[in-house]
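Participant: Input file: protein.csv. Contents: CSV, C-alpha atoms.
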chain,number,residue,atom,x,y,z
A,6,MET,CA,87.8,-61.7,116.3
A,7,ASP,CA,91.0,-61.4,114.4
A,8,HIS,CA,93.5,-58.7,115.3
A,9,HIS,CA,93.5,-57.2,111.7
A,10,GLN,CA,89.7,-57.1,111.6
A,11,SER,CA,89.4,-58.9,108.3
A,12,SER,CA,87.2,-61.5,106.7
A,13,SER,CA,87.2,-65.1,108.1
A,14,GLU,CA,87.8,-66.3,104.5
A,15,VAL,CA,91.3,-64.8,104.5
A,16,THR,CA,94.0,-67.2,105.9
A,17,VAL,CA,97.1,-65.0,105.8
A,18,HIS,CA,96.6,-61.4,106.8
A,19,HIS,CA,98.6,-58.5,105.6
A,20,ALA,CA,99.5,-56.2,108.4
A,21,PRO,CA,97.8,-52.8,107.7
A,22,GLY,CA,100.7,-50.6,106.6
A,23,GLY,CA,101.3,-47.2,108.1
A,24,LYS,CA,103.1,-44.2,106.7
A,25,GLU,CA,105.1,-46.2,104.1
A,26,VAL,CA,101.8,-47.2,102.4
A,27,VAL,CA,100.8,-43.5,102.0
A,28,GLN,CA,104.3,-42.7,100.7
A,29,LYS,CA,103.9,-45.5,98.1
A,30,ILE,CA,100.5,-44.0,97.1
A,31,ILE,CA,102.0,-40.6,96.7
A,32,ARG,CA,105.0,-41.9,94.7
A,33,THR,CA,102.6,-43.8,92.4
A,34,THR,CA,100.5,-40.7,91.9
A,35,VAL,CA,103.6,-38.7,90.9
A,36,ILE,CA,104.7,-41.5,88.5
A,37,LEU,CA,101.2,-41.6,86.9
A,38,SER,CA,101.1,-37.8,86.6
A,39,VAL,CA,104.5,-37.6,85.0
A,40,ILE,CA,103.7,-40.3,82.5
A,41,THR,CA,100.5,-38.5,81.6
A,42,LEU,CA,102.4,-35.3,81.1
A,43,ILE,CA,105.0,-37.0,78.8
A,44,GLU,CA,102.1,-38.6,76.8
A,45,LEU,CA,100.5,-35.1,76.4
A,46,ALA,CA,103.8,-33.6,75.3
A,47,LEU,CA,104.3,-36.3,72.7
A,48,GLY,CA,100.7,-35.9,71.5
A,49,LEU,CA,101.2,-32.1,71.2
A,50,GLY,CA,104.6,-32.8,69.5
A,51,MET,CA,102.8,-34.7,66.8
A,52,TYR,CA,100.4,-31.9,66.3
A,53,LEU,CA,103.2,-29.3,66.1
A,54,MET,CA,105.1,-31.1,63.4
A,55,PRO,CA,102.5,-31.8,60.7
A,56,ASN,CA,105.2,-32.7,58.1
A,57,ALA,CA,106.9,-35.4,60.2
A,58,SER,CA,107.5,-38.7,58.4
A,59,SER,CA,104.9,-41.4,59.0
A,60,ALA,CA,107.7,-43.6,60.5
A,61,LEU,CA,108.4,-41.0,63.2
A,62,ILE,CA,104.7,-40.6,63.9
A,63,LEU,CA,104.3,-44.4,64.2
A,64,PHE,CA,107.3,-44.5,66.6
A,65,ILE,CA,105.8,-41.7,68.8
A,66,LYS,CA,102.5,-43.5,68.9
A,67,GLY,CA,104.2,-46.7,69.8
A,68,VAL,CA,106.0,-44.9,72.7
A,69,ILE,CA,102.6,-43.5,73.9
A,70,VAL,CA,101.0,-47.0,73.8
A,71,ILE,CA,103.9,-48.4,75.9
A,72,LEU,CA,103.6,-45.5,78.4
A,73,SER,CA,99.9,-46.2,78.7
A,74,LEU,CA,100.6,-49.9,79.5
A,75,LEU,CA,103.0,-48.7,82.1
A,76,LYS,CA,100.2,-46.6,83.7
A,77,ALA,CA,97.9,-49.6,83.6
A,78,PHE,CA,100.6,-51.6,85.4
A,79,TYR,CA,100.9,-49.1,88.2
A,80,ILE,CA,97.1,-48.7,88.6
A,81,VAL,CA,96.5,-52.4,88.8
A,82,GLY,CA,99.6,-53.3,90.8
A,83,VAL,CA,99.6,-50.5,93.4
A,84,PHE,CA,96.1,-48.9,93.5
A,85,MET,CA,94.2,-52.2,93.1
A,86,HIS,CA,96.8,-54.0,95.2
A,87,LEU,CA,97.0,-56.9,92.8
A,88,GLY,CA,100.8,-57.0,93.4
A,89,GLU,CA,100.0,-58.0,97.1
A,90,GLU,CA,97.7,-60.9,96.3
A,91,ILE,CA,99.0,-64.4,96.1
A,92,LYS,CA,100.5,-65.7,92.9
A,93,ASN,CA,97.6,-68.0,92.0
A,94,LEU,CA,95.1,-65.2,92.0
A,95,ILE,CA,97.4,-62.9,90.0
A,96,MET,CA,97.7,-65.6,87.3
A,97,THR,CA,94.0,-66.2,87.0
A,98,ILE,CA,93.6,-62.5,86.2
A,99,ILE,CA,96.6,-61.9,84.0
A,100,VAL,CA,96.8,-65.1,81.9
A,101,PRO,CA,93.2,-64.8,80.4
A,102,LEU,CA,94.1,-61.2,79.4
A,103,LEU,CA,96.8,-62.6,77.1
A,104,LEU,CA,93.9,-63.3,74.7
A,105,PHE,CA,94.2,-59.6,73.9
A,106,VAL,CA,97.5,-60.2,72.1
A,107,TRP,CA,95.7,-62.2,69.4
A,108,PHE,CA,92.6,-60.1,69.6
A,109,ILE,CA,94.4,-56.8,68.8
A,110,ALA,CA,96.8,-58.2,66.2
A,111,ALA,CA,94.1,-60.2,64.2
A,112,PHE,CA,91.5,-57.4,64.1
A,113,LEU,CA,93.8,-54.5,63.3
A,114,LEU,CA,95.4,-56.5,60.5
A,115,ASP,CA,92.0,-57.3,59.2
A,116,GLY,CA,91.1,-53.6,59.2
A,117,SER,CA,94.2,-52.6,57.3
A,118,SER,CA,93.7,-55.5,54.8
A,119,TRP,CA,90.2,-54.2,54.3
A,120,ARG,CA,91.6,-50.8,53.4
A,121,ASN,CA,94.1,-52.3,50.9
A,122,LEU,CA,91.3,-54.3,49.2
A,123,ARG,CA,89.1,-51.3,48.9
A,124,ASN,CA,92.0,-49.1,47.6
A,125,THR,CA,93.0,-51.7,45.0
A,126,ASN,CA,89.4,-52.5,44.0
A,127,GLY,CA,89.7,-56.0,45.4
A,128,LYS,CA,92.8,-56.9,43.4
A,129,SER,CA,95.8,-58.4,45.2
A,130,LYS,CA,99.2,-56.7,44.9
A,131,THR,CA,100.5,-58.9,42.1
A,132,GLU,CA,97.4,-58.2,40.0
A,133,GLN,CA,97.9,-54.5,40.2
A,134,VAL,CA,99.2,-52.8,37.1
A,135,VAL,CA,98.3,-49.3,38.0
A,136,SER,CA,100.4,-47.1,40.2
A,137,GLY,CA,99.3,-46.3,43.8
A,138,SER,CA,98.0,-42.9,42.9
A,139,LYS,CA,95.9,-44.2,40.0
A,140,ALA,CA,94.6,-47.1,42.1
A,141,GLU,CA,93.0,-44.6,44.6
A,142,LYS,CA,90.9,-43.2,41.8
A,143,ILE,CA,89.2,-46.5,41.2
A,144,THR,CA,86.4,-46.1,43.6
A,145,PRO,CA,83.4,-48.3,44.1
A,146,ALA,CA,81.3,-45.6,42.5
A,147,GLU,CA,82.7,-46.6,39.2
A,148,GLY,CA,81.3,-50.1,39.6
A,149,HIS,CA,77.7,-51.0,39.3
B,26,MET,CA,104.8,-60.7,97.0
B,27,ALA,CA,108.4,-59.9,97.6
B,28,GLN,CA,108.1,-60.1,101.3
B,29,ALA,CA,105.6,-62.9,101.5
B,30,PRO,CA,105.3,-64.0,105.2
B,31,ALA,CA,106.5,-67.5,106.0
B,32,ALA,CA,103.0,-68.6,106.8
B,33,GLU,CA,101.9,-67.8,103.3
B,34,MET,CA,104.6,-69.9,101.7
B,35,GLU,CA,103.9,-73.0,103.9
B,36,THR,CA,100.1,-72.9,103.7
B,37,LYS,CA,98.5,-75.8,101.7
B,38,TRP,CA,96.2,-73.5,99.7
B,39,TRP,CA,94.2,-76.3,98.0
B,40,SER,CA,93.7,-78.7,100.9
B,41,GLY,CA,90.2,-77.3,101.5
B,42,GLY,CA,88.6,-75.3,104.3
B,43,LYS,CA,90.0,-72.0,103.1
B,44,SER,CA,90.0,-69.6,100.2
B,45,PRO,CA,92.8,-70.9,97.9
B,46,PHE,CA,93.3,-67.3,96.7
B,47,ASN,CA,93.5,-65.9,100.2
B,48,VAL,CA,90.7,-63.4,99.5
B,49,GLU,CA,87.0,-63.3,100.4
B,50,TYR,CA,84.4,-64.4,97.9
B,51,GLY,CA,83.1,-61.0,97.1
B,52,LYS,CA,86.6,-59.6,96.2
B,53,LEU,CA,87.5,-62.6,94.0
B,54,MET,CA,84.2,-62.2,92.1
B,55,MET,CA,84.8,-58.5,91.7
B,56,TRP,CA,88.1,-59.3,90.1
B,57,TYR,CA,86.5,-61.7,87.7
B,58,PHE,CA,83.8,-59.2,86.9
B,59,LEU,CA,86.4,-56.6,86.1
B,60,MET,CA,88.3,-59.0,83.9
B,61,SER,CA,85.1,-59.7,81.9
B,62,ASP,CA,84.4,-56.0,81.8
B,63,ALA,CA,88.0,-55.4,80.5
B,64,PHE,CA,87.1,-57.7,77.6
B,65,THR,CA,83.9,-55.8,76.9
B,66,PHE,CA,85.8,-52.5,76.7
B,67,GLY,CA,88.7,-54.2,74.8
B,68,ALA,CA,86.2,-55.5,72.2
B,69,PHE,CA,84.8,-52.0,71.8
B,70,LEU,CA,88.2,-50.4,71.4
B,71,ILE,CA,89.5,-53.1,69.1
B,72,SER,CA,86.3,-52.7,66.9
B,73,TYR,CA,87.0,-49.0,66.8
B,74,GLY,CA,90.6,-49.7,65.8
B,75,THR,CA,89.6,-52.1,63.1
B,76,ILE,CA,87.3,-49.6,61.5
B,77,ARG,CA,89.9,-46.8,61.8
B,78,PHE,CA,92.5,-49.0,60.2
B,79,SER,CA,90.1,-49.7,57.3
B,80,GLN,CA,89.8,-46.0,56.5
B,81,ASN,CA,92.1,-43.9,54.3
B,82,PHE,CA,91.2,-40.8,56.4
B,83,TRP,CA,90.6,-40.5,60.1
B,84,PRO,CA,90.0,-37.1,62.0
B,85,ASP,CA,93.0,-35.7,63.9
B,86,PRO,CA,92.0,-35.7,67.6
B,87,ASN,CA,94.1,-32.5,68.1
B,88,LYS,CA,91.7,-30.7,65.7
B,89,VAL,CA,88.5,-32.2,67.1
B,90,PHE,CA,89.2,-31.8,70.8
B,91,ASN,CA,90.7,-28.4,71.0
B,92,ALA,CA,88.1,-26.5,73.0
B,93,PHE,CA,88.0,-25.5,76.6
B,94,PRO,CA,85.0,-24.1,78.6
B,95,LEU,CA,84.8,-20.3,78.6
B,96,ALA,CA,87.8,-20.1,76.3
B,97,GLY,CA,85.8,-19.2,73.2
B,98,HIS,CA,87.4,-20.3,70.0
B,99,ALA,CA,90.9,-20.5,71.4
B,100,ASN,CA,92.8,-23.4,69.9
B,101,LEU,CA,93.8,-25.6,72.9
B,102,PRO,CA,94.4,-29.1,71.7
B,103,LEU,CA,94.2,-31.8,74.4
B,104,ALA,CA,93.9,-29.2,77.2
B,105,PHE,CA,90.4,-30.2,78.4
B,106,VAL,CA,90.9,-33.9,78.2
B,107,SER,CA,94.1,-33.5,80.2
B,108,LEU,CA,92.0,-31.9,82.9
B,109,MET,CA,89.5,-34.8,82.8
B,110,THR,CA,92.4,-37.3,83.0
B,111,PHE,CA,93.9,-35.6,86.0
B,112,ILE,CA,90.5,-35.4,87.8
B,113,LEU,CA,90.1,-39.2,87.4
B,114,ILE,CA,93.7,-39.9,88.5
B,115,VAL,CA,93.2,-37.7,91.6
B,116,SER,CA,89.9,-39.4,92.5
B,117,SER,CA,91.6,-42.8,92.1
B,118,VAL,CA,94.2,-41.6,94.6
B,119,THR,CA,91.6,-40.4,97.1
B,120,MET,CA,89.9,-43.8,96.7
B,121,VAL,CA,93.0,-45.7,97.5
B,122,LEU,CA,93.5,-43.5,100.6
B,123,ALA,CA,89.9,-44.4,101.7
B,124,VAL,CA,90.8,-48.1,101.3
B,125,HIS,CA,93.9,-47.5,103.3
B,126,ALA,CA,91.9,-45.7,106.1
B,127,GLY,CA,89.6,-48.7,106.0
B,128,HIS,CA,92.5,-51.0,106.8
B,129,HIS,CA,93.0,-49.0,110.0
B,130,ASN,CA,89.2,-48.9,110.8
B,131,ASP,CA,89.5,-45.2,110.7
B,132,LYS,CA,85.9,-44.2,110.0
B,133,LYS,CA,86.5,-40.5,110.0
B,134,SER,CA,89.2,-40.7,107.3
B,135,VAL,CA,87.2,-43.2,105.2
B,136,ILE,CA,84.3,-40.7,105.2
B,137,LYS,CA,86.6,-37.8,104.2
B,138,TRP,CA,88.3,-39.6,101.3
B,139,MET,CA,85.0,-41.2,100.0
B,140,ILE,CA,83.5,-37.7,99.8
B,141,TRP,CA,86.6,-36.4,97.8
B,142,THR,CA,86.3,-39.5,95.5
B,143,ILE,CA,82.6,-38.8,94.9
B,144,ILE,CA,83.3,-35.1,94.1
B,145,GLY,CA,86.0,-36.2,91.6
B,146,GLY,CA,83.6,-38.6,89.9
B,147,ILE,CA,80.9,-35.9,89.6
B,148,ALA,CA,83.5,-33.4,88.3
B,149,PHE,CA,84.5,-35.9,85.6
B,150,LEU,CA,80.9,-36.5,84.6
B,151,ALA,CA,80.3,-32.8,84.4
B,152,CYS,CA,83.4,-32.4,82.1
B,153,GLN,CA,82.1,-35.2,79.9
B,154,ALA,CA,78.7,-33.6,79.7
B,155,TRP,CA,80.3,-30.3,78.6
B,156,GLU,CA,82.4,-32.1,76.0
B,157,TRP,CA,79.5,-34.0,74.5
B,158,THR,CA,77.4,-30.9,74.3
B,159,HIS,CA,80.2,-28.9,72.7
B,160,LEU,CA,80.7,-31.6,70.0
B,161,ILE,CA,77.1,-32.1,69.3
B,162,THR,CA,76.1,-28.5,69.1
B,163,GLY,CA,79.3,-27.0,67.8
B,164,ASP,CA,78.7,-26.2,64.1
B,165,HIS,CA,81.4,-26.5,61.4
B,166,ALA,CA,81.2,-25.4,57.8
B,167,VAL,CA,81.4,-28.6,55.7
B,168,MET,CA,81.1,-29.2,52.0
B,169,VAL,CA,78.3,-31.6,51.4
B,170,ASN,CA,77.6,-32.5,47.7
B,171,GLY,CA,79.0,-29.1,46.6
B,172,VAL,CA,77.0,-27.1,49.1
B,173,VAL,CA,78.4,-25.6,52.3
B,174,GLU,CA,76.5,-26.9,55.3
B,175,HIS,CA,76.9,-26.3,59.1
B,176,ILE,CA,76.9,-29.6,61.0
B,177,GLY,CA,78.0,-30.8,64.4
B,178,THR,CA,79.5,-34.1,65.5
B,179,THR,CA,76.8,-36.8,66.0
B,180,VAL,CA,76.5,-40.5,65.5
B,181,THR,CA,75.2,-39.9,62.0
B,182,ARG,CA,77.3,-36.8,60.9
B,183,ASN,CA,81.0,-36.0,61.1
B,184,PRO,CA,82.2,-32.6,60.0
B,185,TRP,CA,85.9,-33.6,60.5
B,186,GLY,CA,86.7,-34.8,57.0
B,187,PRO,CA,89.7,-34.1,54.7
B,188,GLU,CA,90.2,-30.5,53.6
B,189,VAL,CA,88.8,-29.3,50.3
B,190,ALA,CA,91.8,-28.1,48.3
B,191,GLY,CA,91.9,-24.3,48.1
B,192,ALA,CA,88.4,-23.8,49.6
B,193,MET,CA,88.3,-21.4,52.5
B,194,HIS,CA,85.3,-20.4,54.7
B,195,ASP,CA,85.5,-17.7,57.4
B,196,GLY,CA,89.3,-18.0,57.5
B,197,HIS,CA,89.2,-21.8,57.9
B,198,HIS,CA,90.0,-24.6,55.5
B,199,LEU,CA,86.7,-26.0,54.3
B,200,THR,CA,86.4,-29.7,54.8
B,201,THR,CA,84.2,-32.5,53.4
B,202,THR,CA,82.4,-34.9,55.8
B,203,GLY,CA,84.6,-37.5,57.6
B,204,PRO,CA,83.9,-41.1,58.4
B,205,VAL,CA,80.5,-41.5,60.1
B,206,ALA,CA,81.9,-44.2,62.4
B,207,PHE,CA,83.9,-41.6,64.3
B,208,GLY,CA,80.9,-40.1,66.2
B,209,GLY,CA,79.3,-43.5,66.8
B,210,TYR,CA,82.5,-45.0,68.3
B,211,PHE,CA,83.4,-41.8,70.2
B,212,PHE,CA,79.9,-41.4,71.8
B,213,GLY,CA,79.4,-45.1,72.2
B,214,ILE,CA,82.7,-45.9,74.0
B,215,THR,CA,83.0,-42.7,76.1
B,216,GLY,CA,79.3,-43.1,76.9
B,217,PHE,CA,79.8,-46.6,78.1
B,218,HIS,CA,82.8,-45.5,80.2
B,219,GLY,CA,80.8,-42.5,81.5
B,220,PHE,CA,78.0,-44.9,82.5
B,221,HIS,CA,80.6,-46.9,84.5
B,222,VAL,CA,81.7,-43.6,86.2
B,223,LEU,CA,78.1,-42.8,87.0
B,224,SER,CA,77.5,-46.3,88.5
B,225,GLY,CA,80.8,-46.0,90.3
B,226,VAL,CA,79.7,-42.7,91.8
B,227,VAL,CA,76.4,-44.3,92.9
B,228,ILE,CA,78.2,-47.2,94.5
B,229,ASN,CA,80.6,-44.8,96.3
B,230,ILE,CA,77.6,-42.8,97.6
B,231,ILE,CA,76.0,-46.0,98.9
B,232,MET,CA,79.4,-46.9,100.6
B,233,LEU,CA,79.6,-43.5,102.1
B,234,ILE,CA,76.1,-43.7,103.6
B,235,MET,CA,76.9,-47.2,105.0
B,236,THR,CA,80.1,-45.9,106.5
B,237,ILE,CA,78.4,-42.9,108.1
B,238,ASN,CA,75.7,-45.3,109.5
B,239,GLY,CA,78.5,-47.4,111.1
B,240,VAL,CA,77.6,-50.6,109.1
B,241,PHE,CA,81.3,-51.5,108.5
B,242,GLU,CA,82.2,-50.5,112.1
B,243,LYS,CA,79.8,-53.0,113.4
B,244,ARG,CA,80.9,-55.6,110.9
B,245,GLY,CA,84.5,-55.1,112.0
B,246,HIS,CA,86.1,-54.6,108.6
B,247,TYR,CA,85.9,-52.2,105.6
B,248,LEU,CA,86.2,-54.8,102.9
B,249,MET,CA,83.2,-53.3,101.0
B,250,ILE,CA,85.2,-50.1,100.6
B,251,GLU,CA,88.0,-52.3,99.0
B,252,LYS,CA,85.6,-53.8,96.5
B,253,ALA,CA,84.1,-50.5,95.6
B,254,GLY,CA,87.7,-49.2,95.3
B,255,LEU,CA,88.5,-52.0,92.8
B,256,TYR,CA,85.6,-51.0,90.6
B,257,TRP,CA,86.6,-47.3,90.8
B,258,HIS,CA,90.2,-48.0,89.9
B,259,PHE,CA,89.0,-50.1,87.0
B,260,VAL,CA,87.1,-47.1,85.7
B,261,ASP,CA,90.3,-45.1,85.9
B,262,LEU,CA,92.2,-47.9,84.1
B,263,VAL,CA,89.7,-48.0,81.3
B,264,TRP,CA,90.0,-44.2,80.9
B,265,VAL,CA,93.8,-44.7,80.4
B,266,PHE,CA,93.0,-46.6,77.2
B,267,VAL,CA,90.0,-44.5,76.1
B,268,PHE,CA,92.3,-41.5,76.5
B,269,LEU,CA,95.0,-43.3,74.5
B,270,CYS,CA,92.8,-44.5,71.6
B,271,PHE,CA,90.6,-41.4,71.1
B,272,TYR,CA,92.7,-38.4,72.1
B,273,LEU,CA,96.4,-39.3,71.9
B,274,ILE,CA,96.9,-41.4,68.8
Can you turn what I pasted into structure tokens?
Facilitator:
Amino acid sequence: MDHHQSSSEVTVHHAPGGKEVVQKIIRTTVILSVITLIELALGLGMYLMPNASSALILFIKGVIVILSLLKAFYIVGVFMHLGEEIKNLIMTIIVPLLLFVWFIAAFLLDGSSWRNLRNTNGKSKTEQVVSGSKAEKITPAEGH
Amino acid sequence: MAQAPAAEMETKWWSGGKSPFNVEYGKLMMWYFLMSDAFTFGAFLISYGTIRFSQNFWPDPNKVFNAFPLAGHANLPLAFVSLMTFILIVSSVTMVLAVHAGHHNDKKSVIKWMIWTIIGGIAFLACQAWEWTHLITGDHAVMVNGVVEHIGTTVTRNPWGPEVAGAMHDGHHLTTTGPVAFGGYFFGITGFHGFHVLSGVVINIIMLIMTINGVFEKRGHYLMIEKAGLYWHFVDLVWVFVFLCFYLI
């Protein structure tokens, strides 16, 4: 039986870490908690300034999204030990997830285009002669 | 990867007779299952985002999720969901400590950390049960077709609409009904995630019983704890994005 008491399918064994592994876990826990606290502070910040410009709100939301991706990186890399696997395995997990780049962009753009079409009663921007505020009054209820 | 041992660099991974990914079959398949599950959750959340982007109005999460158990009507935005998030992070930490104890074949520590992980999972589910109950049964005064009605948040009704200009009710701004999709997506996605937590707790309880019975001790390794751990961390990972999409932005 192998010294590290592992599966026979594993060729190269990682030595089971000692105290330094526990320290890494504690450090990651602190990082995750701090990121979460920053996210909460930003979320509450948006609540406390109801008159902030939409550009600022969008910026804060963008920061929160990036912080969440950072949390995901730490959970997958450290807690799930993906960072310690061999490169081929990492790639078969990470590369397919790149599909999300298209997935998110295409569908969110579709959603916002849907809103524009509804608000402008199906007319494109060049066809619009009414101002934005008047356009909102044209609701589907006025159709048949 | 930084300090890859020399043997790892020199091994001909694809020459046959060994796992080219240097992991056992079960762990590799758990990774691929989790990847497919990530796409399932991703599709749900992107669908939610698409509908949200198509609406002129969407409820402000700080107004919807502002209650805390035993705090009455105090306005505490994000407080309860922060508690839920920390419970899940802590249970993820206790799980990784159980996996670490498994690497050392330390049965006593594995049992201790698995018990803490299970407690964390049950605590999270209890919080979610309270939150759902609060949303479904919590009545709000809403203007429906010119009449004030009291409705809760369900998959068919949403009291969190835009404010009616100038109309007050019991010291609050009166609102109209909001987009119906809000409840459907909220209960659908947090429910699907909660079901993952529930199945994770069941898996962890099975792992705990197997550990107590000495199954892994006889087998010589605690790799099953690692696989259950992967699933449990994934549940935490999904919560990061559910928390982001429903409560923060």
Participant: Can you pull out every residue within 12 Å of B:Ser224, counting all atoms listed in the file, but drop anything in the same chain fewer than 6 positions away, and send it as a PyMOL selection string?
Facilitator: chain B and resi 143+146-147+150+217-218+230-231+253+256-257+260
Participant: As a VMD selection string, could you give me every residue of chain A near chain B (at most 7 Å apart, counting all atoms listed in the file)?
Facilitator: chain A and resid 10 to 12 14 to 17 21 34 48 52 66 73 77 80 84 to 85 88 to 89 91 93 to 94 98 109 112 to 113 115 to 117 119 to 120
Participant: Between atom CA of A:Val106 and atom CA of A:Leu74, measure the distance and give it in Å to one decimal.
Facilitator: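 These atoms are spaced 13.1 Å apart.
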Participant: Could you work out how far atom CA of B:Thr200 lies from atom CA of B:Val167, giving the answer in Å with one decimal?
Facilitator: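 Between atom CA of B:Val167 and atom CA of B:Thr200 the gap works out to 5.2 Å.
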Participant: B:Thr179, B:Thr142, B:Thr201, B:Gln153: which is nearest B:Ala166, counting all atoms listed in the file?
Facilitator: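 Among the listed residues, the smallest separation from B:Ala166 belongs to B:Thr201.
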Participant: Just give me the gap between atom CA of B:Val205 and atom CA of B:Pro184 in Å, one decimal is fine.
Facilitator: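 These two atoms are separated by 9.1 Å.
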Participant: Write out as a PyMOL selection string the residues lying within 12 Å of A:Ile36, counting only C-alpha atoms and excluding same-chain residues fewer than 3 positions away.
Facilitator: (chain A and resi 29-33+39-43+72-73+75-80+83) or (chain B and resi 114)
Participant: Given the choices B:Val89, B:Lys52, B:Val169, B:Pro94, which gets closest to A:His86 if the distance is worked out from only C-alpha atoms?
Facilitator: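 Going through B:Val89, B:Lys52, B:Val169, B:Pro94 one by one, the smallest distance to A:His86 is for B:Lys52.
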